[in-house]
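J.: Sending over query-v7.cif (mmCIF, C-alpha atoms and all ligand atoms).
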data_structure
#
loop_
_atom_site.group_PDB
_atom_site.id
_atom_site.type_symbol
_atom_site.label_atom_id
_atom_site.label_comp_id
_atom_site.auth_asym_id
_atom_site.auth_seq_id
_atom_site.Cartn_x
_atom_site.Cartn_y
_atom_site.Cartn_z
ATOM 1 C CA MET F 235 0.000 0.000 0.000
ATOM 2 C CA LYS F 236 1.359 3.399 -0.936
ATOM 3 C CA ILE F 237 0.933 6.278 1.508
ATOM 4 C CA PHE F 238 0.553 9.768 0.114
ATOM 5 C CA LEU F 239 0.181 12.878 2.264
ATOM 6 C CA ASP F 240 -2.844 15.024 1.491
ATOM 7 C CA THR F 241 -1.432 18.438 2.312
ATOM 8 C CA ALA F 242 0.407 21.496 1.054
ATOM 9 C CA SER F 243 2.140 22.049 4.412
ATOM 10 C CA LEU F 244 5.892 22.005 3.791
ATOM 11 C CA ASP F 245 6.604 21.410 7.502
ATOM 12 C CA SER F 246 4.417 18.297 7.582
ATOM 13 C CA ILE F 247 5.824 17.039 4.302
ATOM 14 C CA LYS F 248 9.425 17.437 5.528
ATOM 15 C CA LYS F 249 8.620 15.865 8.909
ATOM 16 C CA TYR F 250 7.121 12.666 7.497
ATOM 17 C CA ASN F 251 9.406 12.508 4.469
ATOM 18 C CA ASP F 252 12.367 12.374 6.888
ATOM 19 C CA MET F 253 10.782 9.230 8.402
ATOM 20 C CA GLY F 254 10.564 7.600 4.972
ATOM 21 C CA LEU F 255 6.763 7.492 5.089
ATOM 22 C CA VAL F 256 5.837 9.650 2.123
ATOM 23 C CA ASP F 257 5.376 7.803 -1.176
ATOM 24 C CA GLY F 258 3.739 10.825 -2.781
ATOM 25 C CA ILE F 259 1.656 13.955 -2.207
ATOM 26 C CA THR F 260 -1.798 15.135 -3.180
ATOM 27 C CA THR F 261 -2.762 18.799 -3.022
ATOM 28 C CA ASN F 262 -5.816 20.756 -4.044
ATOM 29 C CA PRO F 263 -6.804 24.452 -4.152
ATOM 30 C CA THR F 264 -8.350 24.265 -0.657
ATOM 31 C CA LEU F 265 -5.213 22.780 0.882
ATOM 32 C CA LEU F 266 -3.070 25.452 -0.817
ATOM 33 C CA SER F 267 -5.417 28.180 0.442
ATOM 34 C CA LYS F 268 -4.546 27.159 4.020
ATOM 35 C CA GLU F 269 -0.806 27.844 3.594
ATOM 36 C CA LYS F 270 0.994 31.187 3.802
ATOM 37 C CA GLY F 271 3.086 32.193 0.785
ATOM 38 C CA ASN F 272 2.966 31.989 -2.988
ATOM 39 C CA PRO F 273 1.091 28.795 -3.979
ATOM 40 C CA ALA F 274 3.182 28.309 -7.116
ATOM 41 C CA GLU F 275 6.366 28.467 -5.017
ATOM 42 C CA ILE F 276 4.898 26.043 -2.479
ATOM 43 C CA MET F 277 4.027 23.567 -5.238
ATOM 44 C CA ARG F 278 7.529 23.831 -6.719
ATOM 45 C CA GLU F 279 9.060 23.222 -3.284
ATOM 46 C CA ILE F 280 6.876 20.146 -2.669
ATOM 47 C CA VAL F 281 7.923 18.703 -6.016
ATOM 48 C CA ARG F 282 11.578 19.353 -5.085
ATOM 49 C CA ILE F 283 11.346 17.683 -1.643
ATOM 50 C CA VAL F 284 9.355 14.574 -2.561
ATOM 51 C CA GLN F 285 10.685 11.911 -4.923
ATOM 52 C CA GLY F 286 7.338 10.214 -5.602
ATOM 53 C CA PRO F 287 4.297 11.433 -7.538
ATOM 54 C CA VAL F 288 2.966 14.873 -6.561
ATOM 55 C CA SER F 289 -0.605 15.638 -7.662
ATOM 56 C CA LEU F 290 -1.078 19.317 -8.529
ATOM 57 C CA GLU F 291 -4.582 20.383 -9.471
ATOM 58 C CA VAL F 292 -5.782 22.504 -12.378
ATOM 59 C CA VAL F 293 -8.321 25.237 -11.635
ATOM 60 C CA ALA F 294 -9.641 25.655 -15.199
ATOM 61 C CA THR F 295 -12.895 24.005 -16.255
ATOM 62 C CA THR F 296 -12.536 23.823 -20.048
ATOM 63 C CA ALA F 297 -10.397 21.140 -21.672
ATOM 64 C CA ALA F 298 -8.278 23.671 -23.582
ATOM 65 C CA GLU F 299 -7.474 25.703 -20.460
ATOM 66 C CA MET F 300 -6.888 22.586 -18.372
ATOM 67 C CA LEU F 301 -4.330 21.445 -20.934
ATOM 68 C CA GLU F 302 -2.541 24.808 -20.756
ATOM 69 C CA GLU F 303 -2.417 24.639 -16.954
ATOM 70 C CA ALA F 304 -1.359 20.994 -17.062
ATOM 71 C CA HIS F 305 1.586 21.795 -19.333
ATOM 72 C CA ARG F 306 2.658 24.626 -17.007
ATOM 73 C CA LEU F 307 2.322 22.453 -13.883
ATOM 74 C CA LYS F 308 4.243 19.625 -15.515
ATOM 75 C CA LYS F 309 7.223 21.976 -15.885
ATOM 76 C CA TYR F 310 7.490 22.081 -12.063
ATOM 77 C CA GLY F 311 9.045 18.616 -12.151
ATOM 78 C CA LYS F 312 9.047 15.147 -13.728
ATOM 79 C CA ASN F 313 7.112 13.686 -10.779
ATOM 80 C CA VAL F 314 4.094 15.979 -11.251
ATOM 81 C CA VAL F 315 0.773 14.195 -11.755
ATOM 82 C CA VAL F 316 -1.899 16.567 -13.021
ATOM 83 C CA LYS F 317 -5.083 16.484 -10.976
ATOM 84 C CA ILE F 318 -8.199 16.957 -13.090
ATOM 85 C CA PRO F 319 -11.815 17.243 -11.909
ATOM 86 C CA MET F 320 -14.290 14.512 -12.897
ATOM 87 C CA ILE F 321 -16.248 16.542 -15.483
ATOM 88 C CA PRO F 322 -16.674 15.888 -19.235
ATOM 89 C CA ASP F 323 -14.037 18.441 -20.233
ATOM 90 C CA GLY F 324 -11.768 16.915 -17.616
ATOM 91 C CA LEU F 325 -11.981 13.507 -19.289
ATOM 92 C CA LYS F 326 -11.169 15.097 -22.642
ATOM 93 C CA ALA F 327 -8.061 16.648 -21.067
ATOM 94 C CA VAL F 328 -7.119 13.311 -19.452
ATOM 95 C CA LYS F 329 -7.236 11.525 -22.812
ATOM 96 C CA LYS F 330 -5.025 14.164 -24.467
ATOM 97 C CA LEU F 331 -2.544 14.245 -21.575
ATOM 98 C CA LYS F 332 -2.296 10.444 -21.610
ATOM 99 C CA SER F 333 -1.420 10.590 -25.332
ATOM 100 C CA GLU F 334 1.368 13.029 -24.401
ATOM 101 C CA GLY F 335 2.671 10.712 -21.680
ATOM 102 C CA ILE F 336 1.481 12.972 -18.823
ATOM 103 C CA GLU F 337 -0.056 11.173 -15.844
ATOM 104 C CA THR F 338 -3.343 12.374 -14.397
ATOM 105 C CA ASN F 339 -5.290 11.909 -11.187
ATOM 106 C CA VAL F 340 -9.042 12.307 -11.639
ATOM 107 C CA THR F 341 -10.466 13.917 -8.513
ATOM 108 C CA LEU F 342 -13.913 14.443 -6.985
ATOM 109 C CA VAL F 343 -14.992 10.884 -7.807
ATOM 110 C CA PHE F 344 -18.132 9.837 -5.953
ATOM 111 C CA SER F 345 -19.404 6.809 -7.919
ATOM 112 C CA ALA F 346 -18.055 3.607 -9.469
ATOM 113 C CA ASN F 347 -19.330 4.751 -12.868
ATOM 114 C CA GLN F 348 -17.265 7.930 -12.665
ATOM 115 C CA ALA F 349 -14.204 5.860 -11.724
ATOM 116 C CA VAL F 350 -14.695 3.528 -14.699
ATOM 117 C CA LEU F 351 -15.007 6.462 -17.108
ATOM 118 C CA ALA F 352 -11.901 8.136 -15.697
ATOM 119 C CA ALA F 353 -9.972 4.884 -16.102
ATOM 120 C CA LYS F 354 -11.199 4.446 -19.681
ATOM 121 C CA ALA F 355 -10.139 8.007 -20.513
ATOM 122 C CA GLY F 356 -6.644 7.060 -19.363
ATOM 123 C CA ALA F 357 -6.249 8.322 -15.783
ATOM 124 C CA ALA F 358 -3.262 6.958 -13.876
ATOM 125 C CA TYR F 359 -5.161 7.491 -10.588
ATOM 126 C CA VAL F 360 -8.789 7.950 -9.568
ATOM 127 C CA SER F 361 -9.571 9.695 -6.271
ATOM 128 C CA PRO F 362 -12.855 8.622 -4.641
ATOM 129 C CA PHE F 363 -13.638 10.922 -1.663
ATOM 130 C CA ILE F 364 -14.850 8.500 0.975
ATOM 131 C CA GLY F 365 -15.126 10.853 3.970
ATOM 132 C CA ARG F 366 -17.420 13.216 2.097
ATOM 133 C CA LEU F 367 -19.664 10.256 1.167
ATOM 134 C CA ASP F 368 -19.740 9.159 4.819
ATOM 135 C CA ASP F 369 -20.636 12.753 5.760
ATOM 136 C CA ALA F 370 -23.546 12.577 3.287
ATOM 137 C CA GLY F 371 -24.867 9.367 4.879
ATOM 138 C CA GLN F 372 -23.448 6.951 2.272
ATOM 139 C CA ASP F 373 -20.832 4.261 2.894
ATOM 140 C CA GLY F 374 -17.612 5.589 1.343
ATOM 141 C CA MET F 375 -15.722 2.327 1.811
ATOM 142 C CA SER F 376 -18.326 0.382 -0.226
ATOM 143 C CA LEU F 377 -17.417 2.593 -3.157
ATOM 144 C CA ILE F 378 -13.750 1.616 -2.795
ATOM 145 C CA ARG F 379 -14.770 -2.071 -2.728
ATOM 146 C CA GLU F 380 -16.783 -1.622 -5.949
ATOM 147 C CA ILE F 381 -14.082 0.263 -7.830
ATOM 148 C CA VAL F 382 -11.287 -2.142 -6.825
ATOM 149 C CA GLN F 383 -13.463 -5.103 -7.897
ATOM 150 C CA ILE F 384 -14.388 -3.587 -11.277
ATOM 151 C CA PHE F 385 -10.801 -2.538 -12.075
ATOM 152 C CA LYS F 386 -9.679 -6.085 -11.183
ATOM 153 C CA ASN F 387 -12.397 -7.693 -13.355
ATOM 154 C CA TYR F 388 -11.263 -5.793 -16.424
ATOM 155 C CA GLN F 389 -7.542 -5.432 -15.657
ATOM 156 C CA PHE F 390 -7.612 -1.623 -15.667
ATOM 157 C CA ASP F 391 -4.173 -0.380 -14.702
ATOM 158 C CA THR F 392 -5.557 2.796 -13.067
ATOM 159 C CA ASN F 393 -4.641 3.100 -9.375
ATOM 160 C CA VAL F 394 -7.372 3.556 -6.792
ATOM 161 C CA LEU F 395 -6.276 6.462 -4.589
ATOM 162 C CA VAL F 396 -8.488 6.582 -1.511
ATOM 163 C CA ALA F 397 -9.036 10.249 -0.603
ATOM 164 C CA SER F 398 -10.950 12.266 1.991
ATOM 165 C CA ILE F 399 -9.795 9.872 4.700
ATOM 166 C CA ARG F 400 -11.038 10.813 8.163
ATOM 167 C CA HIS F 401 -9.493 8.281 10.580
ATOM 168 C CA PRO F 402 -6.950 5.428 10.843
ATOM 169 C CA LEU F 403 -9.600 2.704 10.448
ATOM 170 C CA HIS F 404 -10.282 3.985 6.922
ATOM 171 C CA VAL F 405 -6.657 3.126 6.130
ATOM 172 C CA VAL F 406 -6.931 -0.425 7.478
ATOM 173 C CA GLU F 407 -10.136 -1.021 5.528
ATOM 174 C CA ALA F 408 -8.674 0.393 2.305
ATOM 175 C CA GLY F 409 -5.668 -1.896 2.748
ATOM 176 C CA LYS F 410 -7.843 -4.981 3.291
ATOM 177 C CA ILE F 411 -9.763 -4.194 0.122
ATOM 178 C CA GLY F 412 -6.502 -3.791 -1.802
ATOM 179 C CA ALA F 413 -6.654 -0.130 -2.887
ATOM 180 C CA GLN F 414 -3.251 0.851 -4.220
ATOM 181 C CA VAL F 415 -2.918 4.230 -2.480
ATOM 182 C CA VAL F 416 -4.291 6.085 0.538
ATOM 183 C CA THR F 417 -3.793 9.825 0.819
ATOM 184 C CA LEU F 418 -3.762 11.039 4.398
ATOM 185 C CA PRO F 419 -4.035 14.361 6.170
ATOM 186 C CA PRO F 420 -0.850 14.582 8.315
ATOM 187 C CA ASP F 421 -2.764 14.268 11.610
ATOM 188 C CA ILE F 422 -4.134 10.853 10.538
ATOM 189 C CA LEU F 423 -0.611 9.632 9.808
ATOM 190 C CA GLY F 424 0.374 10.850 13.296
ATOM 191 C CA LYS F 425 -2.528 8.923 14.833
ATOM 192 C CA MET F 426 -1.534 5.749 12.961
ATOM 193 C CA MET F 427 1.887 5.919 14.564
ATOM 194 C CA SER F 428 0.929 5.955 18.226
ATOM 195 C CA HIS F 429 -0.634 3.493 20.645
ATOM 196 C CA PRO F 430 -1.084 3.978 24.417
ATOM 197 C CA LEU F 431 0.419 0.520 25.085
ATOM 198 C CA THR F 432 3.580 1.551 23.226
ATOM 199 C CA ASP F 433 3.955 4.605 25.495
ATOM 200 C CA LYS F 434 3.148 2.594 28.620
ATOM 201 C CA GLY F 435 5.574 -0.180 27.634
ATOM 202 C CA LEU F 436 8.409 2.243 26.887
ATOM 203 C CA SER F 437 7.940 4.075 30.152
ATOM 204 C CA ALA F 438 8.164 0.732 32.069
ATOM 205 C CA PHE F 439 11.337 -0.264 30.160
ATOM 206 C CA LEU F 440 12.980 3.063 30.973
ATOM 207 C CA SER F 441 12.088 3.050 34.668
ATOM 208 C CA ASP F 442 13.279 -0.571 35.050
ATOM 209 C CA TRP F 443 16.537 0.408 33.345
ATOM 210 C CA GLU F 444 17.035 3.189 35.906
ATOM 211 C CA LYS F 445 17.056 0.464 38.615
ATOM 212 C CA VAL F 446 19.639 -1.540 36.628
ATOM 213 C CA LYS F 447 21.854 1.555 36.325
ATOM 214 C CA LYS F 448 21.728 2.138 40.077
ATOM 215 C CA GLU F 449 22.957 -1.426 40.665
ATOM 216 C CA ASN F 450 25.660 -1.082 37.958
ATOM 217 C CA PRO F 451 27.305 2.344 38.310
ATOM 218 C CA GLY F 452 28.955 3.559 35.083
ATOM 219 C CA LEU F 453 27.025 1.034 32.953
ATOM 220 C CA LYS F 454 26.842 1.915 29.247
ATOM 221 C CA ILE F 455 25.284 -0.032 26.399
HETATM 222 O O1 LIG F 501 -7.639 14.515 -1.455
HETATM 223 C C1 LIG F 501 -8.935 14.999 -1.289
HETATM 224 C C2 LIG F 501 -9.141 15.528 0.060
HETATM 225 O O2 LIG F 501 -8.276 16.614 0.285
HETATM 226 C C3 LIG F 501 -10.529 15.908 0.408
HETATM 227 O O3 LIG F 501 -10.609 15.728 1.748
HETATM 228 O O4 LIG F 501 -11.376 16.143 4.019
HETATM 229 O O5 LIG F 501 -11.720 17.869 2.250
HETATM 230 O O6 LIG F 501 -13.041 15.773 2.223
HETATM 231 P P1 LIG F 501 -11.772 16.421 2.604
#
How would this structure read if it were set down as structure tokens?
T.:
Amino acid sequence: MKIFLDTASLDSIKKYNDMGLVDGITTNPTLLSKEKGNPAEIMREIVRIVQGPVSLEVVATTAAEMLEEAHRLKKYGKNVVVKIPMIPDGLKAVKKLKSEGIETNVTLVFSANQAVLAAKAGAAYVSPFIGRLDDAGQDGMSLIREIVQIFKNYQFDTNVLVASIRHPLHVVEAGKIGAQVVTLPPDILGKMMSHPLTDKGLSAFLSDWEKVKKENPGLKI
């Protein structure tokens, strides 16, 4: 399972990249709007820091303008994946970009049919937003199950990138289903790392070691 960070925060990206946990990044206009500084500079810096795929999103809504933005974004670095909204013009742009060898990530996917169409147009990734479906009273994870099954049935090589993740259990479920990628807000990655029994166990080890040191003055390991 690949882990992408869903953020434009350079501090978070550096922090988790230094731990070897970041296989890629996804951003969007909302995430960029939360950061201070020039968004174009932030995107360039992300692409410089991270080796893996970095999804940068277009903000145009016509195919012609999306292609222009995609070509500009692609100049930020080889690892740029162009994020395109799941609208008819978006699919037209995806097809053209695929023919040019530019990878795309189709975003704002909320149904299996949309995922199939994005895959047929040539998307390298589809991004179903499971948390927003849960918020709307639907079962987001069922959508992941459907898409993974359909892509398997027909050997689509499009990756299922589970987005809008709200808690660590979403990650476990996505992994059991076999989705290729999860993209996580940094705080979810932090939550995945900790367990109260780890903290309790470590504190017991350290206090027991203090006793050993008292009985063995000058002891070093
Ligand atoms: O990658 C998509 C993601 O950023 C959307 O998440 O929490 O805004 O639904 P959310």
J.: Grab the atom CA of Ala355 of chain F to atom CA of Asn339 of chain F distance for me, in Å with one decimal place.
T.: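 Distance between the two atoms: 11.2 Å.
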J.: One number please: atom CA of Leu301 of chain F to atom CA of Ile336 of chain F, in Å, one decimal.
T.: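 That distance, rounded to one decimal, is 10.5 Å.
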J.: Name every residue that the PyMOL selection byres (((chain F and resi 308) around 12) and not hetatm) selects in this structure, writing the answer as a ChimeraX atom specification with chains first and numbers rising.
T.: /F:277-278,281,287-292,300-307,309-317,331,334-338
J.: Tell me which protein, DNA and RNA residues are within 9 Å of Thr341 of chain F, counting all atoms listed in the file, leaving out same-chain ones fewer than 2 positions away, and put them as a list in words.
T.: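 Contacts, with the query itself left out: Glu291, Lys317, Ile318, Pro319, Met320, Asn339, Val343, Tyr359, Val360, Ser361, Pro362, Phe363 and Ala397 of chain F.
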J.: Given the selection you just returned, output its residues as a file containing C-alpha atoms, formatted as a PDB file, in the coordinates of the input.
T.:
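As written to disk, part-v3.pdb reads:
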ATOM      1  CA  GLU F 291      -4.582  20.383  -9.471  1.00  0.00           C
ATOM      2  CA  LYS F 317      -5.083  16.484 -10.976  1.00  0.00           C
ATOM      3  CA  ILE F 318      -8.199  16.957 -13.090  1.00  0.00           C
ATOM      4  CA  PRO F 319     -11.815  17.243 -11.909  1.00  0.00           C
ATOM      5  CA  MET F 320     -14.290  14.512 -12.897  1.00  0.00           C
ATOM      6  CA  ASN F 339      -5.290  11.909 -11.187  1.00  0.00           C
ATOM      7  CA  VAL F 343     -14.992  10.884  -7.807  1.00  0.00           C
ATOM      8  CA  TYR F 359      -5.161   7.491 -10.588  1.00  0.00           C
ATOM      9  CA  VAL F 360      -8.789   7.950  -9.568  1.00  0.00           C
ATOM     10  CA  SER F 361      -9.571   9.695  -6.271  1.00  0.00           C
ATOM     11  CA  PRO F 362     -12.855   8.622  -4.641  1.00  0.00           C
ATOM     12  CA  PHE F 363     -13.638  10.922  -1.663  1.00  0.00           C
ATOM     13  CA  ALA F 397      -9.036  10.249  -0.603  1.00  0.00           C
TER      14      ALA F 397
END
J.: Could you work out how far atom CA of Ile237 of chain F lies from atom CA of Ser437 of chain F, giving the answer in Å with one decimal?
T.: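 Here the two named atoms are 29.6 Å from each other.
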J.: With distances taken over all atoms listed in the file, which of F:Asn251, F:Gln383, F:Thr241, F:Ser428 is nearest to ligand LIG 501 (chain F)?
T.: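 Using all atoms listed in the file, the shortest distance to ligand LIG 501 (chain F) belongs to F:Thr241.
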J.: Between F:Arg379, F:Lys386, F:Lys330, F:Arg366, which is the closest to ligand LIG 501 (chain F) once you count only C-alpha atoms and all ligand atoms?
T.: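 Answer, going by the shortest atom-to-atom distance: F:Arg366.
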J.: All residues within 7 Å of ligand LIG 501 (chain F) are required, counting all atoms listed in the file; please report them as a list in words.
T.: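 Those within range of ligand LIG 501 (chain F) are Asp240, Thr260, Thr261, Asn262, Leu265, Phe363, Gly365, Arg366, Ala397, Ser398, Ile399, Arg400 and Thr417 of chain F.
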